Structure formats: structure tokens, C-alpha cells
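Q: A single structure is presented below for examination.
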Amino acid sequence: MRVDGEEVLTRYLKSNPQAMDEWQKYAKLRRHDPRLTRLGGFLRRWSLDELPQLFNVLKGEMSLVGPRPYLPHEFDRIGTDLHTIASARPGMTGFWQVSGKNQLTFEDRVKLEAWYVRNWTPWLDGIIFAKTFRVVLFAETGWPGQDAVRSDPSVFDDSTLRVVSSALNSNPGKSKHHIAGA
């Protein structure tokens with residue numbers, strides 16, 4: 001990441017309306033992020049930039065699996081699910097990350113992560129953790145997102161299709177207590 005990354009991003013978004021739309025819809029730039037150096041791009045492509053979070057897991061500040069951390073300026077966009085998501089310890093990997101993170105909108109990310117917290121089980125964490133390796137190893141394609149699920153359900157195995165579709169189409173219910181780090 002460049003030292004002047006925020007200024008570079010601001011200039012880039014002002015001069016590129018398509019990138020500005022992408023930033024507003026996904027809360028990230030999916031393809032070209034001008035803040036990244038060549039080394040940073042390599043580290044991000046292979047998720048090596050996530051490795052320092054292992055120290056946070058060892059210190060007990062994060063779980064291996066959980067909702068991905070949000071930035072403070074994103075809290076207002078999370079809306080009514082903020083309390084649900086914040087009740088769980090953030091994770092190095094999560095349901096959103098293995099369900100098409102680059103194709104899902106910010107709002108779909110929130111739905112998936114709130115669903116994850118409300119429906120948490122050790123088994124679900126195991127599945128997410130195992131699928132993380134596939135996403136990292138196949139960084140270019142990863143998992144297809146919401147549009148792929150709705151247009152071509154065959155791209156998911158049956159269990160993943162049911163869970164992602166359920167999460168994206170569910171109405172928020174009562175939150176189960178999530179034991180962070182379990």
C-alpha cells in the first residue's frame with residue numbers, strides 16, 4: 001500500500017466515474033486499486049497480506065473464522081445488522097470471503113455475515129475454513145457471487161448453494177449467541 005494511498009484513491013475516483021460507482025457499490029475496488037504497489041498487489045492476490053492477522057488470533061483479538069472486520073466509516077452502511085455482526089469476534093476468514101467477495105455488493109456482504117452470526121455452528125466454521133484454501137489457491141476465480149448463484153446455480157455444490165441463497169434471501173431474525181474463537 002502506498003504511503004499516500006488515500007490521496008491517490010481520491011484522485012483516481014474523481015477522474016474515473018466507473019471506479020467511483022464500483023467503490024460505492026462494493027466498498028472496494030475489485031480489479032485495479034491504485035493504492036497498491038506491485039509487491040502489495042502480489043501479496044493481496046495470494047491473500048498473504050492476511051498473515052499478520054494470525055498474531056491477532058493468537059492474542060485472542062480475532063478468530064480464525066468470523067465476520068471480516070469493518071472500517072469505522074462503514075458502520076452507518078451496515079445499518080440494523082451492526083449489533084449482530086459486532087457481537088462476534090472478527091475472523092481472518094469468513095462466510096463472505098468464501099462466497100464470492102469480489103462479486104457481492106456491500107449490502108450482500110452484510111446479509112451474509114449477519115446470517116453467519118445468527119446461524120453459527122462449529123461445523124459451519126469448519127466448512128468456511130476448508131473453503132478458504134480453495135479461494136486462496138484459485139485467487140483469480142474464487143467463488144462465484146450472487147449474480148452467478150441466481151443465474152447459474154450449478155457453479156456451487158448443493159450445500160453451498162442452499163446456504164448462500166438462504167443467507168441472501170433471509171430476513172433478520174433473533175441473533176444466536178456466537179462464541180468468538182470457538
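Labels for the C-alpha cells follow display order: chains A, B, ..., residues from 1 in each chain, ligands from 1.
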Based on DSSP run over this structure's backbone, return all residues of stretch 16-98 of chain A in alpha helix (DSSP H), as a count of residues only.

A: 33

Q: Mind checking which residues fall within 9 Å of A:Asp4, counting only C-alpha atoms, ignoring those fewer than 4 positions away in the same chain, and posting them as a list of chain:residue names?

A: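 Skipping anything fewer than 4 positions along the chain leaves A:Val8, A:Leu9, A:Arg35.
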
Q: Would you mind telling me which residue in A:Asn16, A:Met1, A:Asn119, A:Ala86 lies nearest to A:Arg44 when using only C-alpha atoms?

A: A:Met1

Q: Hey, which bits of stretch 64-103 of chain A sit within 12 Å of stretch 46-54 of chain A, and for each residue what's the closest pair of atoms and how far apart in Å (one decimal), counting only C-alpha atoms, rows by chain and increasing number, as CSV?

A:
residue,atom,partner,partner_atom,distance
A:Leu64,CA,A:Leu54,CA,7.9
A:Val65,CA,A:Leu54,CA,11.4
A:Arg68,CA,A:Glu50,CA,11.1
A:Pro69,CA,A:Gln53,CA,10.9
A:Pro90,CA,A:Gln53,CA,10.4
A:Gly91,CA,A:Gln53,CA,8.8
A:Met92,CA,A:Gln53,CA,6.4
A:Thr93,CA,A:Glu50,CA,8.9
A:Gln97,CA,A:Ser47,CA,10.9

Q: I'd like the neighbourhood of A:Ala27 as a VMD selection string, where a residue qualifies if any of its atoms comes within 12 Å (using only C-alpha atoms), though same-chain residues fewer than 4 positions away should be ignored.

A: chain A and resid 19 to 23 33 70 to 71 73 to 75 77 to 78 101 to 110

Q: Any chance you could export the current selection's N, CA and C atoms as a PDB file, in the first residue's frame?

A:
ATOM      1  N   ALA A  19     -14.988   3.637 -11.650  1.00  0.00           N
ATOM      2  CA  ALA A  19     -14.360   3.194 -10.408  1.00  0.00           C
ATOM      3  C   ALA A  19     -15.117   3.752  -9.205  1.00  0.00           C
ATOM      4  N   MET A  20     -15.604   4.979  -9.307  1.00  0.00           N
ATOM      5  CA  MET A  20     -16.382   5.568  -8.219  1.00  0.00           C
ATOM      6  C   MET A  20     -17.660   4.763  -7.979  1.00  0.00           C
ATOM      7  N   ASP A  21     -18.326   4.340  -9.047  1.00  0.00           N
ATOM      8  CA  ASP A  21     -19.523   3.512  -8.907  1.00  0.00           C
ATOM      9  C   ASP A  21     -19.178   2.178  -8.228  1.00  0.00           C
ATOM     10  N   GLU A  22     -18.077   1.589  -8.650  1.00  0.00           N
ATOM     11  CA  GLU A  22     -17.641   0.321  -8.066  1.00  0.00           C
ATOM     12  C   GLU A  22     -17.338   0.499  -6.576  1.00  0.00           C
ATOM     13  N   TRP A  23     -16.658   1.582  -6.219  1.00  0.00           N
ATOM     14  CA  TRP A  23     -16.309   1.871  -4.823  1.00  0.00           C
ATOM     15  C   TRP A  23     -17.578   2.014  -3.973  1.00  0.00           C
ATOM     16  N   ASP A  33      -6.618  -1.328  -7.976  1.00  0.00           N
ATOM     17  CA  ASP A  33      -6.559  -0.429  -6.828  1.00  0.00           C
ATOM     18  C   ASP A  33      -5.259   0.354  -6.939  1.00  0.00           C
ATOM     19  N   TYR A  70     -14.764  -4.607   9.752  1.00  0.00           N
ATOM     20  CA  TYR A  70     -15.258  -3.449   9.003  1.00  0.00           C
ATOM     21  C   TYR A  70     -14.494  -2.213   9.451  1.00  0.00           C
ATOM     22  N   LEU A  71     -14.421  -1.231   8.575  1.00  0.00           N
ATOM     23  CA  LEU A  71     -13.812   0.048   8.914  1.00  0.00           C
ATOM     24  C   LEU A  71     -14.854   0.925   9.599  1.00  0.00           C
ATOM     25  N   HIS A  73     -15.804   3.904   9.181  1.00  0.00           N
ATOM     26  CA  HIS A  73     -16.662   4.697   8.296  1.00  0.00           C
ATOM     27  C   HIS A  73     -17.736   3.851   7.599  1.00  0.00           C
ATOM     28  N   GLU A  74     -17.660   2.522   7.727  1.00  0.00           N
ATOM     29  CA  GLU A  74     -18.659   1.636   7.118  1.00  0.00           C
ATOM     30  C   GLU A  74     -19.814   1.309   8.067  1.00  0.00           C
ATOM     31  N   PHE A  75     -19.693   1.648   9.341  1.00  0.00           N
ATOM     32  CA  PHE A  75     -20.699   1.265  10.332  1.00  0.00           C
ATOM     33  C   PHE A  75     -22.091   1.774   9.985  1.00  0.00           C
ATOM     34  N   ARG A  77     -23.368   2.263   7.078  1.00  0.00           N
ATOM     35  CA  ARG A  77     -23.905   1.487   5.953  1.00  0.00           C
ATOM     36  C   ARG A  77     -24.374   0.103   6.377  1.00  0.00           C
ATOM     37  N   ILE A  78     -23.838  -0.421   7.462  1.00  0.00           N
ATOM     38  CA  ILE A  78     -24.232  -1.754   7.927  1.00  0.00           C
ATOM     39  C   ILE A  78     -25.671  -1.724   8.416  1.00  0.00           C
ATOM     40  N   LYS A 101     -16.584 -12.797  -2.566  1.00  0.00           N
ATOM     41  CA  LYS A 101     -16.389 -11.454  -2.031  1.00  0.00           C
ATOM     42  C   LYS A 101     -16.222 -10.389  -3.114  1.00  0.00           C
ATOM     43  N   ASN A 102     -15.595 -10.699  -4.215  1.00  0.00           N
ATOM     44  CA  ASN A 102     -15.397  -9.682  -5.250  1.00  0.00           C
ATOM     45  C   ASN A 102     -16.628  -9.438  -6.112  1.00  0.00           C
ATOM     46  N   GLN A 103     -17.594 -10.338  -6.036  1.00  0.00           N
ATOM     47  CA  GLN A 103     -18.800 -10.160  -6.831  1.00  0.00           C
ATOM     48  C   GLN A 103     -19.978  -9.663  -6.001  1.00  0.00           C
ATOM     49  N   LEU A 104     -19.890  -9.723  -4.687  1.00  0.00           N
ATOM     50  CA  LEU A 104     -21.010  -9.348  -3.828  1.00  0.00           C
ATOM     51  C   LEU A 104     -20.958  -7.876  -3.456  1.00  0.00           C
ATOM     52  N   THR A 105     -22.120  -7.257  -3.437  1.00  0.00           N
ATOM     53  CA  THR A 105     -22.190  -5.853  -3.018  1.00  0.00           C
ATOM     54  C   THR A 105     -21.942  -5.768  -1.517  1.00  0.00           C
ATOM     55  N   PHE A 106     -21.715  -4.555  -1.055  1.00  0.00           N
ATOM     56  CA  PHE A 106     -21.523  -4.331   0.376  1.00  0.00           C
ATOM     57  C   PHE A 106     -22.752  -4.808   1.146  1.00  0.00           C
ATOM     58  N   GLU A 107     -23.933  -4.529   0.622  1.00  0.00           N
ATOM     59  CA  GLU A 107     -25.175  -4.924   1.292  1.00  0.00           C
ATOM     60  C   GLU A 107     -25.299  -6.447   1.369  1.00  0.00           C
ATOM     61  N   ASP A 108     -24.885  -7.148   0.310  1.00  0.00           N
ATOM     62  CA  ASP A 108     -24.908  -8.613   0.339  1.00  0.00           C
ATOM     63  C   ASP A 108     -23.882  -9.152   1.333  1.00  0.00           C
ATOM     64  N   ARG A 109     -22.743  -8.490   1.444  1.00  0.00           N
ATOM     65  CA  ARG A 109     -21.743  -8.882   2.437  1.00  0.00           C
ATOM     66  C   ARG A 109     -22.348  -8.809   3.838  1.00  0.00           C
ATOM     67  N   VAL A 110     -23.036  -7.712   4.124  1.00  0.00           N
ATOM     68  CA  VAL A 110     -23.657  -7.536   5.437  1.00  0.00           C
ATOM     69  C   VAL A 110     -24.687  -8.635   5.695  1.00  0.00           C
TER      70      VAL A 110
END

Q: Return the single residue from A:Ile128, A:Ile85, A:Leu29, A:Leu13 that is closest to A:Pro67, with distances computed using only C-alpha atoms.

A: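 The answer is A:Ile85, which sits nearest to A:Pro67.
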
Q: Between atom CA of A:Val117 and atom CA of A:Pro72, what is the distance in Å, rounded to a tenth?

A: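 A separation of 19.4 Å between them.
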
Q: I need the residues in stretch 11-139 of chain A that are strand (DSSP E or B) according to DSSP; give them as a list in words.

A: Ser63, Leu64, Val65, Gly91, Met92 and Thr93 of chain A

Q: As an exercise, work out the distance from atom CA of A:Gly94 to atom CA of A:Pro34 in Å and give it to one decimal place.

A: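 Result for atom CA of A:Gly94 versus atom CA of A:Pro34: 25.6 Å, one decimal.
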
Q: Here is a test: counting only C-alpha atoms, which residue of A:His83, A:Lys59, A:Lys14, A:Arg45 is nearest to A:Glu113?

A: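 Closest to A:Glu113 of all the choices is A:His83.
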
Q: Go ahead and compute the interatomic distance for atom CA of A:Thr84 and atom CA of A:Leu124, in Å to one decimal.

A: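 Between atom CA of A:Thr84 and atom CA of A:Leu124 the gap works out to 17.3 Å.
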